[in-house]
>>> print(open('query.cif').read())   # mmCIF, C-alpha atoms
data_entry
#
loop_
_atom_site.label_atom_id
_atom_site.label_comp_id
_atom_site.auth_asym_id
_atom_site.auth_seq_id
_atom_site.Cartn_x
_atom_site.Cartn_y
_atom_site.Cartn_z
CA MET G 246 143.73 90.26 184.19
CA SER G 247 146.63 88.97 182.12
CA ASP G 248 149.79 91.05 181.66
CA LEU G 249 149.64 90.79 177.83
CA VAL G 250 149.44 94.44 176.67
CA THR G 251 149.21 95.58 173.05
CA GLY G 252 150.80 98.65 171.49
CA ASP G 253 147.48 100.44 171.94
CA ALA G 254 147.63 99.82 175.70
CA VAL G 255 144.82 97.25 175.45
CA VAL G 256 145.11 94.53 178.10
CA LEU G 257 143.98 91.09 176.95
CA GLY G 258 143.17 88.55 179.63
CA LEU G 259 140.74 86.42 181.54
CA ARG G 260 138.82 87.83 184.48
CA PRO G 261 139.88 85.99 187.65
CA ALA G 262 137.18 85.44 190.24
CA ARG G 263 137.67 87.25 193.51
CA LEU G 264 137.23 86.03 197.06
CA PRO G 265 133.53 86.94 197.67
CA SER G 266 132.21 85.10 194.61
CA ARG G 267 134.50 82.13 195.21
CA ALA G 268 133.47 81.93 198.87
CA LEU G 269 129.79 81.98 197.92
CA ALA G 270 130.34 79.20 195.38
CA ILE G 271 132.17 77.06 197.96
CA VAL G 272 129.41 77.60 200.53
CA LEU G 273 126.76 76.50 198.03
CA ASP G 274 128.79 73.40 197.17
CA LEU G 275 129.30 72.53 200.84
CA VAL G 276 125.58 72.86 201.54
CA VAL G 277 124.80 70.40 198.73
CA TYR G 278 127.51 67.96 199.78
CA LEU G 279 126.58 68.12 203.47
CA ALA G 280 122.94 67.49 202.63
CA GLY G 281 123.97 64.44 200.63
CA TYR G 282 126.21 63.28 203.46
CA VAL G 283 123.37 63.54 206.01
CA ILE G 284 121.05 61.52 203.77
CA LEU G 285 123.76 58.92 203.18
CA SER G 286 124.57 58.74 206.89
CA ILE G 287 120.96 57.99 207.78
CA GLY G 288 120.86 55.19 205.24
CA LEU G 289 124.18 53.76 206.41
CA ALA G 290 123.14 53.95 210.06
CA LEU G 291 120.24 51.64 209.33
CA ALA G 292 122.35 49.35 207.12
CA ILE G 293 125.32 48.88 209.48
CA ALA G 294 123.45 48.80 212.78
CA SER G 295 124.45 45.16 213.30
CA LEU G 296 128.20 45.85 212.90
CA ASP G 297 130.59 46.56 215.75
CA THR G 298 131.72 50.06 216.72
CA ALA G 299 135.03 49.93 214.82
CA ALA G 300 133.34 48.88 211.58
CA GLN G 301 130.71 51.60 211.93
CA ALA G 302 133.44 54.22 212.47
CA ALA G 303 135.36 53.02 209.40
CA VAL G 304 132.25 53.15 207.22
CA SER G 305 131.43 56.64 208.50
CA VAL G 306 134.93 57.96 207.72
CA ALA G 307 134.89 56.36 204.28
CA SER G 308 131.49 57.85 203.46
CA PHE G 309 132.65 61.28 204.64
CA LEU G 310 135.74 61.19 202.42
CA LEU G 311 133.68 59.94 199.49
CA LEU G 312 131.08 62.71 199.73
CA MET G 313 133.37 65.60 200.70
CA VAL G 314 136.47 64.76 198.64
CA GLY G 315 135.71 62.15 196.00
CA VAL G 316 132.47 63.62 194.72
CA PRO G 317 133.86 67.19 194.27
CA ILE G 318 136.82 65.79 192.31
CA ALA G 319 134.50 63.76 190.09
CA VAL G 320 132.15 66.71 189.54
CA GLU G 321 134.95 69.11 188.53
CA THR G 322 136.44 66.49 186.20
CA LEU G 323 133.19 65.59 184.45
CA THR G 324 131.94 69.18 184.16
CA HIS G 325 135.36 70.63 183.23
CA GLY G 326 135.50 72.96 186.22
CA ARG G 327 131.84 73.78 186.80
CA SER G 328 130.42 72.62 190.11
CA LEU G 329 126.89 73.53 191.20
CA GLY G 330 128.11 76.46 193.26
CA LYS G 331 130.37 77.78 190.52
CA LEU G 332 127.63 77.35 187.94
CA ALA G 333 125.26 79.39 190.10
CA CYS G 334 127.87 82.15 190.57
CA GLY G 335 129.01 82.19 186.96
CA LEU G 336 132.50 80.81 187.70
CA ARG G 337 134.63 78.09 186.18
CA VAL G 338 137.98 76.43 186.91
CA VAL G 339 140.38 76.52 183.95
CA ARG G 340 144.06 75.80 183.36
CA ASP G 341 146.59 78.63 183.44
CA ASP G 342 146.46 78.72 179.64
CA GLY G 343 142.65 79.05 179.65
CA GLY G 344 141.92 75.46 178.62
CA PRO G 345 139.60 72.99 180.41
CA ILE G 346 140.92 71.12 183.44
CA ARG G 347 141.44 67.36 183.59
CA PHE G 348 141.39 64.75 186.35
CA ARG G 349 144.88 65.51 187.66
CA HIS G 350 143.99 69.19 188.14
CA ALA G 351 140.80 68.32 190.01
CA LEU G 352 142.66 65.73 192.12
CA VAL G 353 145.29 68.23 193.28
CA ARG G 354 142.64 70.86 194.01
CA GLY G 355 140.55 68.35 195.96
CA ALA G 356 143.51 67.04 197.98
CA MET G 357 144.62 70.55 198.93
CA GLY G 358 141.02 71.51 199.65
CA VAL G 359 140.94 69.01 202.54
CA VAL G 360 143.59 71.12 204.30
CA GLU G 361 142.58 74.55 203.03
CA LEU G 362 138.81 74.29 203.34
CA LEU G 363 137.83 71.45 205.66
CA MET G 364 140.60 71.17 208.27
CA THR G 365 141.16 74.93 208.67
CA PHE G 366 137.54 75.98 207.98
CA GLY G 367 138.61 77.94 204.90
CA SER G 368 141.03 80.28 206.69
CA VAL G 369 144.11 79.16 204.71
CA ALA G 370 142.22 79.43 201.42
CA CYS G 371 141.01 82.95 202.28
CA ILE G 372 144.50 84.16 203.19
CA ALA G 373 146.04 82.64 200.04
CA SER G 374 143.31 84.13 197.84
CA LEU G 375 143.79 87.59 199.34
CA VAL G 376 147.57 87.45 198.90
CA SER G 377 147.48 86.10 195.34
CA ALA G 378 147.31 88.66 192.53
CA ARG G 379 144.77 86.49 190.69
CA GLY G 380 142.84 85.31 193.74
CA ARG G 381 144.19 81.74 193.66
CA ARG G 382 144.23 79.44 196.67
CA LEU G 383 147.03 76.93 197.27
CA GLY G 384 145.17 74.19 195.42
CA ASP G 385 145.10 76.38 192.32
CA VAL G 386 148.80 77.17 192.62
CA PHE G 387 149.88 73.52 192.87
CA ALA G 388 147.40 72.34 190.21
CA GLY G 389 148.18 75.14 187.75
CA THR G 390 144.57 76.30 187.59
CA LEU G 391 142.63 79.52 187.86
CA VAL G 392 139.00 80.27 188.73
CA VAL G 393 137.59 82.76 186.23
CA ARG G 394 134.32 84.57 185.71
CA GLU G 395 132.29 83.21 182.82
CA ARG G 396 129.40 85.67 183.07
CA VAL G 397 130.63 89.24 182.76
CA SER G 398 128.12 92.07 182.24
CA GLY G 399 128.47 93.82 178.92
CA THR G 400 130.82 91.23 177.41
CA ARG G 401 130.60 87.79 175.92
CA VAL G 402 132.98 84.88 175.67
CA MET G 403 134.85 85.05 172.37
CA PRO G 404 135.78 81.70 170.79
CA VAL G 405 139.08 81.14 169.03
CA PRO G 406 138.47 81.70 165.29
CA PRO G 407 138.90 78.63 163.09
CA PRO G 408 141.92 78.38 160.78
CA PRO G 409 141.60 78.57 156.98
CA PRO G 410 140.29 75.30 155.49
CA TRP G 411 143.51 74.75 153.51
CA LEU G 412 145.44 74.49 156.80
CA ALA G 413 143.25 71.68 158.22
CA GLY G 414 145.40 68.78 159.37
CA ARG G 415 148.69 70.35 158.29
CA PHE G 416 150.25 70.55 161.77
CA THR G 417 149.31 67.12 163.13
CA GLY G 418 153.01 66.21 163.49
CA LEU G 419 154.11 69.19 165.60
CA ASP G 420 155.54 68.45 169.05
CA LEU G 421 153.63 70.79 171.38
CA SER G 422 154.92 69.37 174.66
CA ALA G 423 157.51 72.13 175.16
CA VAL G 424 155.06 75.03 174.71
CA PRO G 425 154.45 76.60 178.16
CA ASP G 426 150.97 77.39 179.44
CA GLY G 427 151.75 81.11 179.50
CA LEU G 428 152.39 81.17 175.76
CA TRP G 429 149.17 79.23 175.06
CA LEU G 430 147.26 81.75 177.16
CA ALA G 431 148.81 84.71 175.31
CA ILE G 432 147.98 83.14 171.91
CA ARG G 433 144.38 82.37 172.86
CA GLN G 434 143.87 85.88 174.21
CA TYR G 435 145.31 87.45 171.08
CA LEU G 436 143.19 85.33 168.71
CA THR G 437 139.96 86.20 170.51
CA ARG G 438 140.72 89.95 170.32
CA MET G 439 142.69 90.28 167.08
CA ASN G 440 139.81 91.88 165.17
CA GLN G 441 139.55 94.66 167.77
CA LEU G 442 143.16 95.80 167.28
CA ASP G 443 144.81 98.07 164.77
CA PRO G 444 145.81 95.93 161.74
CA GLN G 445 149.52 96.77 161.99
CA VAL G 446 149.60 96.23 165.75
CA SER G 447 147.70 92.96 165.36
CA ALA G 448 150.10 91.73 162.67
CA ALA G 449 153.16 92.61 164.74
CA MET G 450 151.77 90.75 167.77
CA ALA G 451 150.93 87.73 165.61
CA ALA G 452 154.47 87.68 164.21
CA GLY G 453 156.01 87.78 167.68
CA LEU G 454 153.77 85.04 169.07
CA ALA G 455 154.34 82.88 165.98
CA ASP G 456 158.12 83.23 166.33
CA ASP G 457 157.91 82.15 169.98
CA LEU G 458 155.72 79.19 169.07
CA VAL G 459 158.06 78.06 166.28
CA ALA G 460 161.03 78.28 168.65
CA ARG G 461 159.23 76.08 171.20
CA THR G 462 158.10 73.43 168.72
CA GLY G 463 161.50 73.10 167.05
CA ALA G 464 159.97 73.12 163.54
CA GLN G 465 160.84 75.38 160.63
CA PRO G 466 158.49 78.32 159.91
CA PRO G 467 155.89 77.11 157.40
CA ALA G 468 156.41 78.84 154.05
CA GLY G 469 153.55 80.98 152.78
CA VAL G 470 151.43 80.81 155.94
CA PRO G 471 150.44 84.12 157.60
CA ALA G 472 151.35 84.35 161.27
CA ALA G 473 147.74 84.71 162.49
CA ALA G 474 146.60 81.71 160.43
CA PHE G 475 149.52 79.68 161.77
CA LEU G 476 148.49 80.49 165.35
CA MET G 477 144.86 79.54 164.65
CA ALA G 478 145.85 76.23 163.11
CA VAL G 479 148.19 75.22 165.95
CA VAL G 480 145.68 76.18 168.66
CA HIS G 481 142.96 74.12 166.99
CA GLU G 482 145.39 71.24 166.57
CA ARG G 483 145.97 71.26 170.31
CA GLN G 484 142.23 71.41 170.97
CA SER G 485 141.74 68.45 168.63
CA ARG G 486 144.34 66.45 170.54
CA ASP G 487 142.71 67.29 173.88
CA ALA G 488 139.31 66.24 172.52
CA ALA G 489 140.77 63.02 171.10
CA ARG G 490 142.29 62.11 174.47
CA ALA G 491 139.07 62.96 176.32
CA PHE G 492 136.48 61.37 174.02
CA ALA G 493 138.29 59.00 171.65
CA GLY G 494 140.99 57.52 173.86
CA GLY G 495 143.75 59.54 172.20
CA ALA G 496 143.73 57.52 168.94
CA PRO G 497 145.64 59.29 166.13
CA GLY G 498 143.84 60.28 162.97
CA GLY G 499 140.07 60.15 162.50
CA VAL G 500 137.71 63.07 162.70
CA GLY G 501 138.36 65.82 165.22
CA PRO G 502 136.30 68.84 166.31
CA MET G 503 137.66 70.91 163.42
CA GLY G 504 137.14 68.21 160.76
CA PRO G 505 139.24 65.33 159.44
CA VAL G 506 142.58 64.89 161.13
CA GLY G 507 145.36 63.41 159.04
CA PRO G 508 147.88 60.78 160.10
CA VAL G 509 150.51 61.85 162.55
CA GLY G 510 153.94 62.35 161.00
CA PRO G 511 157.39 62.44 162.63
CA VAL G 512 157.81 64.66 165.65
CA GLY G 513 158.54 68.25 164.69
CA SER G 514 157.48 67.76 161.06
CA VAL G 515 154.81 69.67 159.20
CA ALA G 516 152.36 67.75 157.03
CA PRO G 517 152.36 68.90 153.38
CA LEU G 518 149.48 70.87 151.98
CA ALA G 519 146.77 69.00 150.13
CA ALA G 520 146.82 69.14 146.35
CA GLY G 521 145.08 72.14 144.85
CA PRO G 522 145.42 75.91 144.82
CA ALA G 523 145.69 77.82 148.07
CA PRO G 524 144.21 81.27 147.47
CA HIS G 525 145.39 82.57 150.79
CA VAL G 526 149.00 81.75 149.96
CA GLN G 527 148.76 83.37 146.54
CA GLU G 528 147.47 86.56 148.12
CA ALA G 529 150.47 86.80 150.45
CA PRO G 530 153.04 89.35 149.16
CA ALA G 531 156.31 87.86 147.96
CA ALA G 532 158.45 90.20 150.06
CA ALA G 533 156.73 89.27 153.31
CA PRO G 534 155.44 85.66 153.07
CA TYR G 535 154.50 85.58 156.75
CA GLY G 536 152.78 88.93 156.88
CA ALA G 537 149.44 89.81 158.36
CA PRO G 538 146.07 89.23 156.64
CA VAL G 539 145.21 91.70 153.89
CA ALA G 540 144.42 95.10 155.43
CA PRO G 541 143.49 98.52 153.96
CA VAL G 542 146.39 100.35 152.31
CA ARG G 543 148.11 102.76 154.69
CA PRO G 544 150.71 105.51 154.13
CA PRO G 545 154.28 104.19 153.78
CA ALA G 546 156.09 103.48 157.03
CA PRO G 547 159.70 102.53 157.82
CA ALA G 548 160.30 98.84 157.10
CA ALA G 549 160.74 96.55 160.12
CA ALA G 550 163.54 94.02 160.28
CA PRO G 551 162.43 90.34 160.18
CA ARG G 552 162.41 88.47 163.46
CA ALA G 553 164.66 85.50 164.05
CA GLY G 554 161.81 83.00 163.72
CA GLY G 555 160.88 84.08 160.18
CA PHE G 556 157.55 85.84 160.86
CA ALA G 557 157.97 89.53 160.03
CA PRO G 558 155.50 92.34 160.86
CA PRO G 559 154.08 94.20 157.85
CA ALA G 560 155.97 97.10 156.31
#
>>> encode(input="query.cif", output="structure tokens")
Amino acid sequence: MSDLVTGDAVVLGLRPARLPSRALAIVLDLVVYLAGYVILSIGLALAIASLDTAAQAAVSVASFLLLMVGVPIAVETLTHGRSLGKLACGLRVVRDDGGPIRFRHALVRGAMGVVELLMTFGSVACIASLVSARGRRLGDVFAGTLVVRERVSGTRVMPVPPPPPWLAGRFTGLDLSAVPDGLWLAIRQYLTRMNQLDPQVSAAMAAGLADDLVARTGAQPPAGVPAAAFLMAVVHERQSRDAARAFAGGAPGGVGPMGPVGPVGPVGSVAPLAAGPAPHVQEAPAAAPYGAPVAPVRPPAPAAAPRAGGFAPPA
């Protein structure tokens, strides 16, 4: 589990897969790949029977590398971390921040898997998984990935809530390259559990995460935007960029998963709001423009000092 702990001692985090389930998934994958290799070898043996011994050996090595290394990399890339074995065991490979993996992650995992799984018969991977606090093998450490459990009894996967419609396309110009994966993971975990927390605790956590995000992006705190809504909008902006790179070649503008995406402005800038009233902004109290969403009235409590980034927890 993640080390993000709320004031109510609630731990928010993904559920890393442990060694038994990962080993079973790898065995299932190897059985499928070996079966494909045997079938391919029989076909190649008939096709290259007229070649000399050196050529036959070269073709055999190439086919082995293709089936045992190239195919797993392609499968993990195209399925975003779900191979046949992992799908059967309810597992998935994700980035450290909880997002889907890309080709470079699968390539590093596959290259290290040759040493960890094939050359040492899985002994190095087992030792590394037992030593790691989150059950990661060396390929996961170098690739920045984590194998998590997708099917957990009694729970369901919670999606990140969408931002308010009046924030759509407002943060297309933010530079998100300096935001570390650990902060993305903490934000995603908070947004999927924010409704389960005490309103004051939730608002304080949102203010702290928003301040950290503003400091990393180098932009000024957006006036009149609640901290939780700001986090939702930035997370969905990053998801839109990932989807654009994966399915639209990374072209700016157009229509993203969350709706129309405006033109990209200067780095670090914040696109202005569209013309028209913004009811959410009007509902925000004047004394705390970056406060939490409206919550039931509580007895008075000592006022908290604003944080350096501009997002202040509610009074």
>>> resolve_selection(input="query.cif", expression="the PyMOL selection byres ((chain G and resi 370) around 9)", output="list in words")
Gly358, Val360, Glu361, Leu362, Thr365, Phe366, Gly367, Ser368, Val369, Cys371, Ile372, Ala373, Ser374, Leu375, Arg381, Arg382, Leu383 and Gly384 of chain G
>>> resolve_selection(input="query.cif", expression="the PyMOL selection byres ((chain G and resi 456-461) around 6)", output="compact mmCIF listing (two decimals) with C-alpha atoms, keeping the file's coordinate frame")
# COMPACT_ATOMS: atom_id res chain seq x y z
CA ALA G 423 157.51 72.13 175.16
CA VAL G 424 155.06 75.03 174.71
CA GLY G 453 156.01 87.78 167.68
CA LEU G 454 153.77 85.04 169.07
CA ALA G 455 154.34 82.88 165.98
CA THR G 462 158.10 73.43 168.72
CA GLY G 463 161.50 73.10 167.05
CA ALA G 464 159.97 73.12 163.54
CA GLY G 554 161.81 83.00 163.72
>>> residues_around(input="query.cif", residues="segment 432-435 of chain G", least_positions_apart="2", cutoff="7 Å", atoms="only C-alpha atoms", output="mmCIF file with C-alpha atoms, keeping the file's coordinate frame")
data_model
loop_
_atom_site.group_PDB
_atom_site.id
_atom_site.type_symbol
_atom_site.label_atom_id
_atom_site.label_comp_id
_atom_site.auth_asym_id
_atom_site.auth_seq_id
_atom_site.Cartn_x
_atom_site.Cartn_y
_atom_site.Cartn_z
ATOM 1 C CA LEU G 257 143.980 91.090 176.950
ATOM 2 C CA GLY G 258 143.170 88.550 179.630
ATOM 3 C CA VAL G 405 139.080 81.140 169.030
ATOM 4 C CA LEU G 428 152.390 81.170 175.760
ATOM 5 C CA TRP G 429 149.170 79.230 175.060
ATOM 6 C CA LEU G 430 147.260 81.750 177.160
ATOM 7 C CA THR G 437 139.960 86.200 170.510
ATOM 8 C CA ARG G 438 140.720 89.950 170.320
ATOM 9 C CA MET G 439 142.690 90.280 167.080
ATOM 10 C CA LEU G 454 153.770 85.040 169.070
#
>>> closest_residue(input="query.cif", among="G:Met313, G:Leu336, G:Ala488, G:Ala302", to="Val393 of chain G", atoms="all atoms listed in the file")
G:Leu336
>>> residues_around(input="query.cif", residues="Ala356 of chain G", least_positions_apart="5", cutoff="9 Å", atoms="all atoms listed in the file", output="PyMOL selection string")
chain G and resi 314+318+351+384
>>> atom_distance(input="query.cif", atom1="atom CA of Gly355 of chain G", atom2="atom CA of Gly315 of chain G")
7.9 Å
>>> resolve_selection(input="query.cif", expression="the PyMOL selection byres ((chain G and resi 481) around 9)", output="PyMOL selection string")
chain G and resi 405-408+476-480+482-486+502-503
>>> atom_distance(input="query.cif", atom1="atom CA of Val276 of chain G", atom2="atom CA of Pro261 of chain G")
23.9 Å
>>> residues_near_point(input="query.cif", point="(138.2, 85.5, 196.8)", cutoff="6 Å", atoms="all atoms listed in the file", output="list in words")
Arg263, Leu264, Pro265, Arg267, Ser374 and Gly380 of chain G
>>> residues_near_point(input="query.cif", point="(148.8, 73.1, 189.9)", cutoff="9 Å", atoms="all atoms listed in the file", output="short mmCIF file (atom, residue, chain, number, x, y, z; two decimals) with C-alpha atoms, in the coordinates of the input")
data_model
loop_
_atom_site.label_atom_id
_atom_site.label_comp_id
_atom_site.auth_asym_id
_atom_site.auth_seq_id
_atom_site.Cartn_x
_atom_site.Cartn_y
_atom_site.Cartn_z
CA ARG G 340 144.06 75.80 183.36
CA ASP G 341 146.59 78.63 183.44
CA ARG G 349 144.88 65.51 187.66
CA HIS G 350 143.99 69.19 188.14
CA VAL G 353 145.29 68.23 193.28
CA ARG G 354 142.64 70.86 194.01
CA LEU G 383 147.03 76.93 197.27
CA GLY G 384 145.17 74.19 195.42
CA ASP G 385 145.10 76.38 192.32
CA VAL G 386 148.80 77.17 192.62
CA PHE G 387 149.88 73.52 192.87
CA ALA G 388 147.40 72.34 190.21
CA GLY G 389 148.18 75.14 187.75
CA THR G 390 144.57 76.30 187.59
#
